[in-house]
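**Student:** Please find run.cif (mmCIF, C-alpha atoms) on the next line:
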```
data_model
loop_
_atom_site.group_PDB
_atom_site.id
_atom_site.type_symbol
_atom_site.label_atom_id
_atom_site.label_comp_id
_atom_site.auth_asym_id
_atom_site.auth_seq_id
_atom_site.Cartn_x
_atom_site.Cartn_y
_atom_site.Cartn_z
ATOM 1 C CA MET A 49 0.000 0.000 0.000
ATOM 2 C CA LYS A 50 1.520 3.295 -1.116
ATOM 3 C CA ILE A 51 1.412 5.931 1.614
ATOM 4 C CA SER A 52 1.370 9.678 0.943
ATOM 5 C CA GLU A 53 1.444 12.734 3.206
ATOM 6 C CA ARG A 54 -2.200 13.284 2.314
ATOM 7 C CA ASP A 55 -3.070 9.767 3.512
ATOM 8 C CA ILE A 56 -1.331 10.380 6.832
ATOM 9 C CA LYS A 57 -3.210 13.652 7.408
ATOM 10 C CA THR A 58 -6.521 12.041 6.486
ATOM 11 C CA TRP A 59 -5.949 9.107 8.830
ATOM 12 C CA ALA A 60 -5.118 11.473 11.688
ATOM 13 C CA SER A 61 -8.317 13.409 11.057
ATOM 14 C CA ILE A 62 -10.650 10.403 10.951
ATOM 15 C CA GLY A 63 -8.993 8.432 13.769
ATOM 16 C CA THR A 64 -7.714 4.886 14.018
ATOM 17 C CA ARG A 65 -11.091 3.145 13.731
ATOM 18 C CA ALA A 66 -11.962 4.592 10.349
ATOM 19 C CA THR A 67 -8.347 4.210 9.256
ATOM 20 C CA PHE A 68 -8.533 0.498 10.017
ATOM 21 C CA GLY A 69 -11.561 0.176 7.728
ATOM 22 C CA ILE A 70 -9.734 1.885 4.864
ATOM 23 C CA ALA A 71 -6.635 -0.267 5.331
ATOM 24 C CA ALA A 72 -8.635 -3.491 5.527
ATOM 25 C CA LEU A 73 -10.362 -2.707 2.228
ATOM 26 C CA GLU A 74 -7.074 -2.016 0.451
ATOM 27 C CA VAL A 75 -5.569 -5.272 1.711
ATOM 28 C CA ALA A 76 -8.669 -7.323 0.867
ATOM 29 C CA LYS A 77 -8.813 -6.023 -2.717
ATOM 30 C CA LYS A 78 -5.444 -7.690 -3.309
ATOM 31 C CA ASN A 79 -6.113 -10.815 -1.244
ATOM 32 C CA LYS A 80 -9.274 -12.760 -2.022
ATOM 33 C CA ASP A 81 -8.579 -15.081 0.892
ATOM 34 C CA LEU A 82 -9.036 -12.286 3.431
ATOM 35 C CA ILE A 83 -12.360 -12.260 5.287
ATOM 36 C CA VAL A 84 -13.462 -9.679 7.853
ATOM 37 C CA VAL A 85 -15.868 -10.947 10.524
ATOM 38 C CA THR A 86 -17.671 -8.363 12.663
ATOM 39 C CA SER A 87 -20.279 -8.113 15.401
ATOM 40 C CA ASP A 88 -22.609 -5.415 14.070
ATOM 41 C CA VAL A 89 -19.930 -2.693 13.868
ATOM 42 C CA SER A 90 -19.499 -1.955 10.168
ATOM 43 C CA THR A 91 -19.987 1.791 10.660
ATOM 44 C CA SER A 92 -18.067 1.988 13.945
ATOM 45 C CA ALA A 93 -15.117 0.150 12.402
ATOM 46 C CA GLY A 94 -15.095 2.199 9.201
ATOM 47 C CA LEU A 95 -16.117 -0.879 7.221
ATOM 48 C CA ASP A 96 -19.239 0.322 5.390
ATOM 49 C CA ARG A 97 -17.358 0.746 2.116
ATOM 50 C CA TYR A 98 -15.656 -2.622 2.610
ATOM 51 C CA ARG A 99 -19.036 -4.301 3.213
ATOM 52 C CA LYS A 100 -20.516 -2.810 0.048
ATOM 53 C CA THR A 101 -17.447 -3.327 -2.144
ATOM 54 C CA LEU A 102 -16.517 -6.878 -1.089
ATOM 55 C CA PRO A 103 -19.688 -8.515 0.263
ATOM 56 C CA ASP A 104 -18.288 -12.013 -0.278
ATOM 57 C CA GLN A 105 -15.324 -11.190 1.984
ATOM 58 C CA TYR A 106 -17.395 -9.708 4.794
ATOM 59 C CA LEU A 107 -19.421 -11.535 7.427
ATOM 60 C CA ASP A 108 -21.502 -9.834 10.136
ATOM 61 C CA VAL A 109 -22.563 -12.276 12.849
ATOM 62 C CA GLY A 110 -24.603 -9.717 14.768
ATOM 63 C CA ILE A 111 -24.187 -9.126 18.480
ATOM 64 C CA ALA A 112 -22.688 -12.572 19.042
ATOM 65 C CA GLU A 113 -19.032 -11.935 19.735
ATOM 66 C CA GLN A 114 -18.200 -15.391 21.062
ATOM 67 C CA ASN A 115 -19.602 -16.937 17.905
ATOM 68 C CA MET A 116 -17.521 -14.450 15.918
ATOM 69 C CA ILE A 117 -14.307 -15.977 17.283
ATOM 70 C CA GLY A 118 -15.546 -19.535 16.676
ATOM 71 C CA ILE A 119 -16.475 -18.731 13.079
ATOM 72 C CA ALA A 120 -13.165 -16.923 12.554
ATOM 73 C CA ALA A 121 -11.232 -19.925 13.864
ATOM 74 C CA GLY A 122 -13.150 -22.220 11.511
ATOM 75 C CA LEU A 123 -12.336 -20.016 8.545
ATOM 76 C CA ALA A 124 -8.689 -19.865 9.629
ATOM 77 C CA SER A 125 -8.604 -23.676 9.773
ATOM 78 C CA GLU A 126 -9.521 -23.633 6.062
ATOM 79 C CA ASN A 127 -6.544 -21.339 5.316
ATOM 80 C CA TYR A 128 -8.427 -18.052 5.097
ATOM 81 C CA LYS A 129 -6.799 -14.910 6.462
ATOM 82 C CA VAL A 130 -9.302 -13.671 9.032
ATOM 83 C CA VAL A 131 -9.754 -10.315 10.775
ATOM 84 C CA THR A 132 -12.324 -9.942 13.537
ATOM 85 C CA THR A 133 -13.426 -6.649 15.022
ATOM 86 C CA THR A 134 -15.778 -5.132 17.561
ATOM 87 C CA PHE A 135 -15.389 -2.771 20.503
ATOM 88 C CA SER A 136 -12.440 -3.772 22.645
ATOM 89 C CA PRO A 137 -14.255 -4.956 25.812
ATOM 90 C CA PHE A 138 -16.424 -7.283 23.743
ATOM 91 C CA GLN A 139 -13.589 -8.416 21.448
ATOM 92 C CA VAL A 140 -11.488 -9.547 24.414
ATOM 93 C CA LEU A 141 -13.383 -9.997 27.694
ATOM 94 C CA ARG A 142 -16.578 -11.462 26.270
ATOM 95 C CA CYS A 143 -14.578 -13.812 24.044
ATOM 96 C CA CYS A 144 -11.857 -14.790 26.503
ATOM 97 C CA GLU A 145 -12.601 -18.526 26.583
ATOM 98 C CA GLN A 146 -12.948 -18.750 22.797
ATOM 99 C CA ILE A 147 -9.694 -16.842 22.305
ATOM 100 C CA LYS A 148 -7.895 -19.140 24.730
ATOM 101 C CA MET A 149 -9.183 -22.367 23.215
ATOM 102 C CA ASN A 150 -9.418 -21.594 19.492
ATOM 103 C CA LEU A 151 -6.509 -19.198 19.028
ATOM 104 C CA GLY A 152 -4.109 -19.740 21.903
ATOM 105 C CA TYR A 153 -4.485 -23.465 22.508
ATOM 106 C CA MET A 154 -5.515 -24.712 19.047
ATOM 107 C CA HIS A 155 -3.286 -22.134 17.365
ATOM 108 C CA HIS A 156 -5.733 -21.022 14.671
ATOM 109 C CA LYS A 157 -4.394 -17.713 13.316
ATOM 110 C CA VAL A 158 -6.784 -14.736 13.563
ATOM 111 C CA CYS A 159 -6.121 -10.990 13.641
ATOM 112 C CA MET A 160 -8.369 -9.351 16.250
ATOM 113 C CA VAL A 161 -8.933 -5.593 16.198
ATOM 114 C CA GLY A 162 -10.246 -4.012 19.400
ATOM 115 C CA LEU A 163 -12.037 -0.745 18.664
ATOM 116 C CA ALA A 164 -11.901 2.235 21.035
ATOM 117 C CA SER A 165 -9.696 0.643 23.649
ATOM 118 C CA GLY A 166 -8.355 2.505 26.653
ATOM 119 C CA LEU A 167 -10.317 5.548 27.811
ATOM 120 C CA SER A 168 -11.699 6.983 24.573
ATOM 121 C CA LEU A 169 -15.288 5.911 25.322
ATOM 122 C CA GLY A 170 -15.136 7.141 28.905
ATOM 123 C CA SER A 171 -18.381 9.053 28.528
ATOM 124 C CA LEU A 172 -20.153 5.654 28.326
ATOM 125 C CA GLY A 173 -18.563 4.418 31.540
ATOM 126 C CA TYR A 174 -16.388 1.395 32.240
ATOM 127 C CA SER A 175 -18.660 -1.004 30.411
ATOM 128 C CA HIS A 176 -17.095 0.516 27.287
ATOM 129 C CA CYS A 177 -13.698 1.616 28.590
ATOM 130 C CA SER A 178 -11.128 -1.132 28.075
ATOM 131 C CA ILE A 179 -8.447 -1.221 30.737
ATOM 132 C CA GLU A 180 -8.108 -5.000 31.109
ATOM 133 C CA ASP A 181 -7.540 -6.260 27.553
ATOM 134 C CA ILE A 182 -3.736 -6.362 27.556
ATOM 135 C CA GLY A 183 -3.563 -8.033 30.970
ATOM 136 C CA ILE A 184 -5.927 -10.791 29.869
ATOM 137 C CA LEU A 185 -4.318 -11.487 26.506
ATOM 138 C CA ARG A 186 -0.747 -11.369 27.823
ATOM 139 C CA SER A 187 -1.548 -14.489 29.848
ATOM 140 C CA ILE A 188 -2.674 -16.481 26.788
ATOM 141 C CA PRO A 189 0.149 -18.088 24.755
ATOM 142 C CA ASN A 190 0.564 -17.621 20.994
ATOM 143 C CA ILE A 191 -0.969 -14.136 20.748
ATOM 144 C CA ASN A 192 0.901 -10.965 19.809
ATOM 145 C CA ILE A 193 -0.378 -7.673 21.249
ATOM 146 C CA LEU A 194 0.026 -4.449 19.254
ATOM 147 C CA SER A 195 -0.976 -0.913 20.199
ATOM 148 C CA PRO A 196 -0.411 1.519 17.306
ATOM 149 C CA ALA A 197 0.311 5.184 17.947
ATOM 150 C CA ASP A 198 -1.568 6.829 15.091
ATOM 151 C CA GLY A 199 -3.266 6.192 11.753
ATOM 152 C CA LEU A 200 -0.103 5.299 9.874
ATOM 153 C CA GLU A 201 0.997 2.846 12.542
ATOM 154 C CA THR A 202 -2.477 1.304 12.489
ATOM 155 C CA VAL A 203 -1.980 0.535 8.801
ATOM 156 C CA LYS A 204 1.511 -0.839 9.450
ATOM 157 C CA ALA A 205 0.297 -2.960 12.368
ATOM 158 C CA LEU A 206 -2.490 -4.524 10.305
ATOM 159 C CA ASP A 207 -0.063 -5.447 7.526
ATOM 160 C CA ALA A 208 2.389 -6.964 10.026
ATOM 161 C CA ALA A 209 -0.330 -8.851 11.890
ATOM 162 C CA LEU A 210 -1.605 -10.505 8.717
ATOM 163 C CA LEU A 211 1.928 -11.718 7.956
ATOM 164 C CA SER A 212 2.583 -12.975 11.474
ATOM 165 C CA GLU A 213 2.541 -16.692 12.278
ATOM 166 C CA ASN A 214 0.698 -16.007 15.535
ATOM 167 C CA SER A 215 -2.718 -14.556 16.163
ATOM 168 C CA CYS A 216 -2.521 -10.839 16.874
ATOM 169 C CA TYR A 217 -4.580 -8.363 18.844
ATOM 170 C CA ILE A 218 -4.464 -4.772 17.573
ATOM 171 C CA ARG A 219 -5.529 -2.334 20.270
ATOM 172 C CA LEU A 220 -6.901 0.900 18.794
ATOM 173 C CA THR A 221 -6.878 3.921 21.106
ATOM 174 C CA GLY A 222 -7.611 7.609 20.809
ATOM 175 C CA VAL A 223 -10.372 9.523 19.056
ATOM 176 C CA SER A 224 -10.695 11.432 15.792
ATOM 177 C CA ASN A 225 -8.207 14.206 15.091
ATOM 178 C CA ASN A 226 -5.426 12.055 16.513
ATOM 179 C CA GLN A 227 -2.031 13.685 16.694
ATOM 180 C CA ILE A 228 0.333 12.524 13.938
ATOM 181 C CA ILE A 229 3.325 10.688 15.419
ATOM 182 C CA TYR A 230 4.804 9.470 12.123
ATOM 183 C CA ASN A 231 4.677 11.941 9.229
ATOM 184 C CA LYS A 232 6.253 9.591 6.682
ATOM 185 C CA ASP A 233 6.474 5.869 5.970
ATOM 186 C CA TYR A 234 8.870 3.840 8.131
ATOM 187 C CA ASN A 235 9.844 0.289 9.032
ATOM 188 C CA PHE A 236 7.502 -1.457 11.459
ATOM 189 C CA GLU A 237 8.388 -4.822 12.978
ATOM 190 C CA ILE A 238 6.456 -6.777 15.588
ATOM 191 C CA GLY A 239 8.535 -6.969 18.755
ATOM 192 C CA LYS A 240 10.884 -4.091 17.857
ATOM 193 C CA SER A 241 10.170 -0.812 19.630
ATOM 194 C CA ILE A 242 10.922 2.581 18.105
ATOM 195 C CA LYS A 243 12.817 5.338 19.881
ATOM 196 C CA LEU A 244 11.028 8.618 19.222
ATOM 197 C CA ARG A 245 13.284 10.842 21.306
ATOM 198 C CA ASP A 246 16.714 10.475 22.940
ATOM 199 C CA GLY A 247 17.334 11.230 26.606
ATOM 200 C CA ASP A 248 19.340 9.787 29.499
ATOM 201 C CA ASP A 249 17.737 11.056 32.723
ATOM 202 C CA VAL A 250 14.247 9.679 32.214
ATOM 203 C CA THR A 251 13.013 7.001 29.789
ATOM 204 C CA ILE A 252 9.299 6.840 28.996
ATOM 205 C CA PHE A 253 7.855 3.636 27.547
ATOM 206 C CA CYS A 254 4.441 4.160 26.020
ATOM 207 C CA ASN A 255 2.169 3.158 23.163
ATOM 208 C CA GLY A 256 -1.095 4.082 21.512
ATOM 209 C CA ALA A 257 -2.536 7.572 21.298
ATOM 210 C CA ILE A 258 -1.107 8.561 24.696
ATOM 211 C CA ILE A 259 2.334 8.846 23.057
ATOM 212 C CA ASN A 260 1.433 12.415 22.124
ATOM 213 C CA GLU A 261 1.225 13.366 25.805
ATOM 214 C CA CYS A 262 4.550 11.633 26.455
ATOM 215 C CA LEU A 263 6.310 13.625 23.742
ATOM 216 C CA LYS A 264 4.907 16.821 25.247
ATOM 217 C CA ALA A 265 6.137 15.665 28.649
ATOM 218 C CA ALA A 266 9.636 15.169 27.241
ATOM 219 C CA GLU A 267 9.668 18.804 26.160
ATOM 220 C CA LEU A 268 8.620 19.879 29.648
ATOM 221 C CA PHE A 269 11.405 17.769 31.159
ATOM 222 C CA GLU A 270 13.919 19.607 28.965
ATOM 223 C CA LYS A 271 12.778 22.927 30.440
ATOM 224 C CA LYS A 272 13.630 21.501 33.846
ATOM 225 C CA ASN A 273 17.110 20.454 32.639
ATOM 226 C CA LEU A 274 16.216 16.765 32.507
ATOM 227 C CA SER A 275 16.746 14.834 29.290
ATOM 228 C CA CYS A 276 13.918 12.447 28.500
ATOM 229 C CA GLY A 277 13.846 9.578 26.045
ATOM 230 C CA VAL A 278 10.532 8.386 24.617
ATOM 231 C CA VAL A 279 10.158 4.842 23.313
ATOM 232 C CA ASN A 280 7.131 3.662 21.358
ATOM 233 C CA MET A 281 6.633 0.149 22.711
ATOM 234 C CA HIS A 282 4.022 -0.612 20.081
ATOM 235 C CA THR A 283 4.331 -4.349 20.742
ATOM 236 C CA VAL A 284 3.522 -5.365 24.302
ATOM 237 C CA LYS A 285 3.924 -9.060 23.503
ATOM 238 C CA PRO A 286 6.554 -10.049 22.512
ATOM 239 C CA ILE A 287 8.192 -7.191 24.429
ATOM 240 C CA ASP A 288 11.434 -5.620 23.213
ATOM 241 C CA ILE A 289 13.836 -6.717 25.954
ATOM 242 C CA GLU A 290 16.867 -5.032 24.374
ATOM 243 C CA ALA A 291 15.199 -1.604 24.426
ATOM 244 C CA ILE A 292 14.391 -2.080 28.100
ATOM 245 C CA LYS A 293 17.971 -3.125 28.817
ATOM 246 C CA VAL A 294 19.235 0.112 27.238
ATOM 247 C CA SER A 295 16.928 2.135 29.505
ATOM 248 C CA LEU A 296 18.599 0.825 32.667
ATOM 249 C CA LYS A 297 21.146 3.653 32.452
ATOM 250 C CA SER A 298 18.375 6.167 33.153
ATOM 251 C CA LYS A 299 17.638 7.638 36.569
ATOM 252 C CA LEU A 300 13.972 6.733 36.178
ATOM 253 C CA ILE A 301 11.824 4.506 33.968
ATOM 254 C CA VAL A 302 8.256 5.671 33.379
ATOM 255 C CA THR A 303 5.528 3.562 31.775
ATOM 256 C CA VAL A 304 2.452 5.406 30.517
ATOM 257 C CA GLU A 305 -0.639 3.546 29.321
ATOM 258 C CA GLU A 306 -4.413 3.726 28.941
ATOM 259 C CA HIS A 307 -4.791 0.498 30.890
ATOM 260 C CA ASN A 308 -4.870 -0.794 34.421
ATOM 261 C CA ILE A 309 -1.390 -0.455 35.909
ATOM 262 C CA ILE A 310 -1.726 -4.168 36.748
ATOM 263 C CA GLY A 311 -1.071 -6.510 33.847
ATOM 264 C CA GLY A 312 -0.377 -4.007 31.075
ATOM 265 C CA LEU A 313 2.695 -2.340 29.585
ATOM 266 C CA GLY A 314 4.053 -1.325 32.975
ATOM 267 C CA SER A 315 3.886 -4.896 34.219
ATOM 268 C CA ALA A 316 5.515 -6.210 31.049
ATOM 269 C CA VAL A 317 8.397 -3.731 31.372
ATOM 270 C CA SER A 318 8.895 -4.403 35.084
ATOM 271 C CA GLU A 319 9.023 -8.161 34.492
ATOM 272 C CA CYS A 320 11.942 -7.572 32.135
ATOM 273 C CA VAL A 321 13.654 -5.049 34.414
ATOM 274 C CA SER A 322 13.576 -7.552 37.296
ATOM 275 C CA LYS A 323 15.870 -9.858 35.334
ATOM 276 C CA PHE A 324 18.790 -7.440 35.622
ATOM 277 C CA SER A 325 20.870 -6.930 38.752
ATOM 278 C CA LYS A 326 20.863 -3.138 38.707
ATOM 279 C CA SER A 327 17.937 -0.999 37.589
ATOM 280 C CA PRO A 328 16.425 2.421 38.263
ATOM 281 C CA PRO A 329 13.034 2.893 39.928
ATOM 282 C CA GLN A 330 9.947 2.620 37.749
ATOM 283 C CA LEU A 331 6.924 4.905 37.793
ATOM 284 C CA PHE A 332 3.672 3.221 36.704
ATOM 285 C CA LEU A 333 1.175 5.647 35.186
ATOM 286 C CA GLY A 334 -2.211 4.341 34.111
ATOM 287 C CA VAL A 335 -5.553 3.530 35.677
ATOM 288 C CA ASN A 336 -4.831 2.757 39.313
ATOM 289 C CA ASP A 337 -6.743 -0.543 39.572
ATOM 290 C CA THR A 338 -10.158 1.067 39.962
ATOM 291 C CA TYR A 339 -13.406 1.753 38.132
ATOM 292 C CA SER A 340 -14.299 5.407 38.519
ATOM 293 C CA LYS A 341 -17.186 7.520 37.306
ATOM 294 C CA ALA A 342 -17.649 8.188 33.620
ATOM 295 C CA GLY A 343 -16.011 11.161 31.952
ATOM 296 C CA ASP A 344 -14.793 12.315 28.568
ATOM 297 C CA TYR A 345 -11.410 11.351 27.182
ATOM 298 C CA ASP A 346 -9.463 14.438 28.256
ATOM 299 C CA PHE A 347 -11.031 14.395 31.724
ATOM 300 C CA LEU A 348 -10.035 10.782 32.336
ATOM 301 C CA LYS A 349 -6.499 11.284 31.025
ATOM 302 C CA LYS A 350 -6.041 14.117 33.509
ATOM 303 C CA LYS A 351 -7.706 12.170 36.319
ATOM 304 C CA TYR A 352 -5.224 9.316 35.986
ATOM 305 C CA GLY A 353 -2.143 11.481 35.515
ATOM 306 C CA LEU A 354 -1.802 10.711 31.818
ATOM 307 C CA ASN A 355 -1.545 14.283 30.550
ATOM 308 C CA SER A 356 1.902 15.777 29.988
ATOM 309 C CA GLU A 357 1.938 18.022 33.057
ATOM 310 C CA SER A 358 0.982 15.197 35.400
ATOM 311 C CA ILE A 359 3.534 12.828 33.878
ATOM 312 C CA VAL A 360 6.309 15.331 34.611
ATOM 313 C CA ALA A 361 5.068 16.223 38.100
ATOM 314 C CA ASN A 362 4.779 12.582 39.188
ATOM 315 C CA ALA A 363 8.154 11.676 37.728
ATOM 316 C CA ILE A 364 9.966 14.559 39.426
ATOM 317 C CA LYS A 365 8.320 13.685 42.743
ATOM 318 C CA LEU A 366 9.587 10.111 42.519
ATOM 319 C CA LEU A 367 13.059 11.248 41.499
ATOM 320 C CA LYS A 368 13.217 13.446 44.603
ATOM 321 C CA ASP A 369 12.119 10.539 46.782
ATOM 322 C CA TYR A 370 15.132 8.562 45.559
ATOM 323 C CA GLU A 371 17.690 11.355 45.957
#
```
Kindly return the structure encoded in the file as structure tokens.
**Tutor:**
Amino acid sequence: MKISERDIKTWASIGTRATFGIAALEVAKKNKDLIVVTSDVSTSAGLDRYRKTLPDQYLDVGIAEQNMIGIAAGLASENYKVVTTTFSPFQVLRCCEQIKMNLGYMHHKVCMVGLASGLSLGSLGYSHCSIEDIGILRSIPNINILSPADGLETVKALDAALLSENSCYIRLTGVSNNQIIYNKDYNFEIGKSIKLRDGDDVTIFCNGAIINECLKAAELFEKKNLSCGVVNMHTVKPIDIEAIKVSLKSKLIVTVEEHNIIGGLGSAVSECVSKFSKSPPQLFLGVNDTYSKAGDYDFLKKKYGLNSESIVANAIKLLKDYE
């Protein structure tokens, strides 16, 4: 798929959900063995054009997510490339047993796309927020977990997931008018993080739409005479151990995620850090193992310390505690 500056701007404007729909259509036009299976989310997933253009490669099972995974596994067993999609809580939590048995245990290869993960649907409450998906899927073998930063990385992640030997879960975060993180095409590889900014005092590991706040935080650190590196850990499983090893020279490691601080990116990083004899302290920023009241996206980011100012304030406080 050829990628232009205009494409990147369009994808940022429409958000990752609609971008996924565009990318899926382009891939399916060239691959007649690709089938998208959904649970009544063609509009929400940006798949209306796909559904109308390639009706024989599109299957809507209705609001029956567990059946969606079973059907997808059956198609995969007949050598079809299969993508499933619905809103993240229903793609993962409602289908947990089917994912374990059909994808993890039986090793049928399916690409799952979780729409509106993290805090983007906070106005609908925690029935629609998704702060548990990574923690659940990390515990199931044979599943890669990807969390793209913007529209372009969503396209790259879908391409990589379809080529992977393992099933993959693509976790889409953010809303429309997403900040552009990558303004030109680049190399994307499952399991290989990307350093977005150099810095030795603080290293931030992050992924998804929240990366924008982390890059802003790095600029604020500079004003306080602290250099801050930012690493896009777009793959949570398999985690990039070498990138984490490099970060051990920092005074502080910070993990920032739209997820429960238990079981997500922070946990994955800390599990790796624990393998080394000497390591700096780690600050876990995310949802602090609680279900709070509903609120819009910006409100919830601020509430959980995921905006740039809070990231810096919490990091400096912890640095002082260790002086």
**Student:** What gap, in Å, lies between CA of Asp104 (chain A) and CA of Ile56 (chain A)?
**Tutor:**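 If I compute the distance from CA of Asp104 (chain A) to CA of Ile56 (chain A), I get 29.0 Å.
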**Student:** Set the distance at 12 Å and use only C-alpha atoms: which residues neighbour Leu123 (chain A) once local chain neighbours fewer than 6 positions away are removed? I'd like the list as an MDAnalysis selection string.
**Tutor:** chainID A and resid 81:85 105 107 116:117 129:132 150 156:158
**Student:** Considering only C-alpha atoms, return as a PyMOL selection string whatever protein or nucleic-acid residues lie within 12 Å of Ile238 (chain A), sequence-local ones (same chain, fewer than 3 positions apart) excluded.
**Tutor:** chain A and resi 191-196+201+204-214+216-218+235+241-242+280-288
**Student:** Pick out the residues sitting within 12 Å of Ala112 (chain A), and hand them over as a ChimeraX atom specification; count only C-alpha atoms, and ignore anything fewer than 3 positions along from it in its own chain.
**Tutor:** /A:85-89,108-109,115-119,133-134,138-139,142-143
**Student:** Just the number, please: distance in Å from CA of Tyr234 (chain A) to CA of Arg219 (chain A), one decimal.
**Tutor:** 19.8 Å
**Student:** CA of Ser327 (chain A) to CA of Lys299 (chain A): how many Å, to one decimal?
**Tutor:** 8.7 Å
**Student:** Just checking: using all atoms listed in the file, which residue out of A:Lys350, A:Lys297, A:Lys272, A:His307 ends up closest to Cys254 (chain A)?
**Tutor:**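 Of the candidates, the smallest distance to Cys254 (chain A) is held by A:His307.
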**Student:** Would you kindly translate the PyMOL selection byres ((chain A and resi 221-224) around 12) into the concrete residues it picks from this file, as a compact mmCIF listing (two decimals) with C-alpha atoms, keeping the file's coordinate frame?
**Tutor:**
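Dumped everything to part.txt:
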```
# COMPACT_ATOMS: atom_id res chain seq x y z
CA LYS A 57 -3.21 13.65 7.41
CA THR A 58 -6.52 12.04 6.49
CA TRP A 59 -5.95 9.11 8.83
CA ALA A 60 -5.12 11.47 11.69
CA SER A 61 -8.32 13.41 11.06
CA ILE A 62 -10.65 10.40 10.95
CA GLY A 63 -8.99 8.43 13.77
CA THR A 64 -7.71 4.89 14.02
CA ARG A 65 -11.09 3.14 13.73
CA ALA A 66 -11.96 4.59 10.35
CA THR A 67 -8.35 4.21 9.26
CA PHE A 68 -8.53 0.50 10.02
CA SER A 92 -18.07 1.99 13.94
CA PHE A 135 -15.39 -2.77 20.50
CA SER A 136 -12.44 -3.77 22.64
CA VAL A 161 -8.93 -5.59 16.20
CA GLY A 162 -10.25 -4.01 19.40
CA LEU A 163 -12.04 -0.74 18.66
CA ALA A 164 -11.90 2.24 21.04
CA SER A 165 -9.70 0.64 23.65
CA GLY A 166 -8.36 2.50 26.65
CA LEU A 167 -10.32 5.55 27.81
CA SER A 168 -11.70 6.98 24.57
CA LEU A 169 -15.29 5.91 25.32
CA GLY A 170 -15.14 7.14 28.90
CA CYS A 177 -13.70 1.62 28.59
CA SER A 178 -11.13 -1.13 28.08
CA ILE A 179 -8.45 -1.22 30.74
CA LEU A 194 0.03 -4.45 19.25
CA SER A 195 -0.98 -0.91 20.20
CA PRO A 196 -0.41 1.52 17.31
CA ALA A 197 0.31 5.18 17.95
CA ASP A 198 -1.57 6.83 15.09
CA GLY A 199 -3.27 6.19 11.75
CA GLU A 201 1.00 2.85 12.54
CA THR A 202 -2.48 1.30 12.49
CA ILE A 218 -4.46 -4.77 17.57
CA ARG A 219 -5.53 -2.33 20.27
CA LEU A 220 -6.90 0.90 18.79
CA ASN A 225 -8.21 14.21 15.09
CA ASN A 226 -5.43 12.06 16.51
CA GLN A 227 -2.03 13.68 16.69
CA ILE A 228 0.33 12.52 13.94
CA ASN A 255 2.17 3.16 23.16
CA GLY A 256 -1.10 4.08 21.51
CA ALA A 257 -2.54 7.57 21.30
CA ILE A 258 -1.11 8.56 24.70
CA ILE A 259 2.33 8.85 23.06
CA ASN A 260 1.43 12.42 22.12
CA GLU A 261 1.23 13.37 25.80
CA HIS A 282 4.02 -0.61 20.08
CA GLU A 305 -0.64 3.55 29.32
CA GLU A 306 -4.41 3.73 28.94
CA HIS A 307 -4.79 0.50 30.89
CA ASP A 344 -14.79 12.32 28.57
CA TYR A 345 -11.41 11.35 27.18
CA ASP A 346 -9.46 14.44 28.26
CA LYS A 349 -6.50 11.28 31.02
```
**Student:** For Phe347 (chain A), which residue among A:Leu331, A:Val250, A:Ser171, A:Ser318 is the nearest when counting all atoms listed in the file?
**Tutor:**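 Of all the options, A:Ser171 lies closest to Phe347 (chain A).
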**Student:** List, as an NGL selection string, every residue that the PyMOL selection byres ((chain A and resi 74) around 12) selects in the file provided.
**Tutor:** :A and (49-51 or 67-73 or 75-80 or 82 or 95 or 97-98 or 101-102 or 203 or 206-207)
**Student:** Pick the closest to Glu371 (chain A) from A:Gly334, A:Pro328, A:Gly343, A:Gly94: which is it, counting only C-alpha atoms?
**Tutor:**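 Between A:Gly334, A:Pro328, A:Gly343, A:Gly94, the residue approaching Glu371 (chain A) most closely is A:Pro328.
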**Student:** Please determine, counting all atoms listed in the file, which residue among A:Lys351, A:Cys276, A:Gly122, A:Val140 has the shortest atom-to-atom distance to Phe253 (chain A).
**Tutor:** A:Cys276
**Student:** What are the centre and the three edge lengths of an axis-aligned box that wraps all atoms of region 298-304 of chain A in the file, given that 4 Å is added to every side, written as lines of an AutoDock Vina configuration file and rounded to one decimal in Å?
**Tutor:**
```
center_x = 10.4
center_y = 5.6
center_z = 33.5
size_x = 23.9
size_y = 12.1
size_z = 14.1
```
**Student:** I need the residue nearest Asp337 (chain A) from this list: A:Glu290, A:Glu180, A:Glu53, A:Glu126. Use all atoms listed in the file for the distance.
**Tutor:**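 Using all atoms listed in the file, Asp337 (chain A) sits closest to A:Glu180.
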**Student:** Could you list, with a cut-off of 8 Å and counting all atoms listed in the file, the residues of region 96-172 of chain A near region 181-188 of chain A, each shown with its nearest atom pair and the distance in Å rounded to one decimal, rows sorted by chain and ascending number, as a tab-separated table?
**Tutor:**
```
residue	atom	partner	partner_atom	distance
A:Ser136	CA	A:Asp181	CA	7.4
A:Pro137	CA	A:Asp181	CA	7.1
A:Val140	CA	A:Asp181	CA	6.0
A:Leu141	CA	A:Asp181	CA	6.9
A:Cys144	CA	A:Ile184	CA	7.9
A:Lys148	CA	A:Ile188	CA	6.2
A:Gly152	CA	A:Ile188	CA	6.0
```
**Student:** Could you pull the residues within 10 Å of Pro329 (chain A), counting only C-alpha atoms, minus those fewer than 2 positions along the same chain, as number ranges by chain?
**Tutor:** A: 296, 298-302, 318, 321, 326-327, 331-332, 366-367, 370
**Student:** Emit the selected residues as a compact mmCIF listing (two decimals), in the frame of the given file, including C-alpha atoms.
**Tutor:**
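And here is the file that came out, again-v7.txt:
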```txt
# COMPACT_ATOMS: atom_id res chain seq x y z
CA LEU A 296 18.60 0.82 32.67
CA SER A 298 18.38 6.17 33.15
CA LYS A 299 17.64 7.64 36.57
CA LEU A 300 13.97 6.73 36.18
CA ILE A 301 11.82 4.51 33.97
CA VAL A 302 8.26 5.67 33.38
CA SER A 318 8.90 -4.40 35.08
CA VAL A 321 13.65 -5.05 34.41
CA LYS A 326 20.86 -3.14 38.71
CA SER A 327 17.94 -1.00 37.59
CA LEU A 331 6.92 4.90 37.79
CA PHE A 332 3.67 3.22 36.70
CA LEU A 366 9.59 10.11 42.52
CA LEU A 367 13.06 11.25 41.50
CA TYR A 370 15.13 8.56 45.56
```
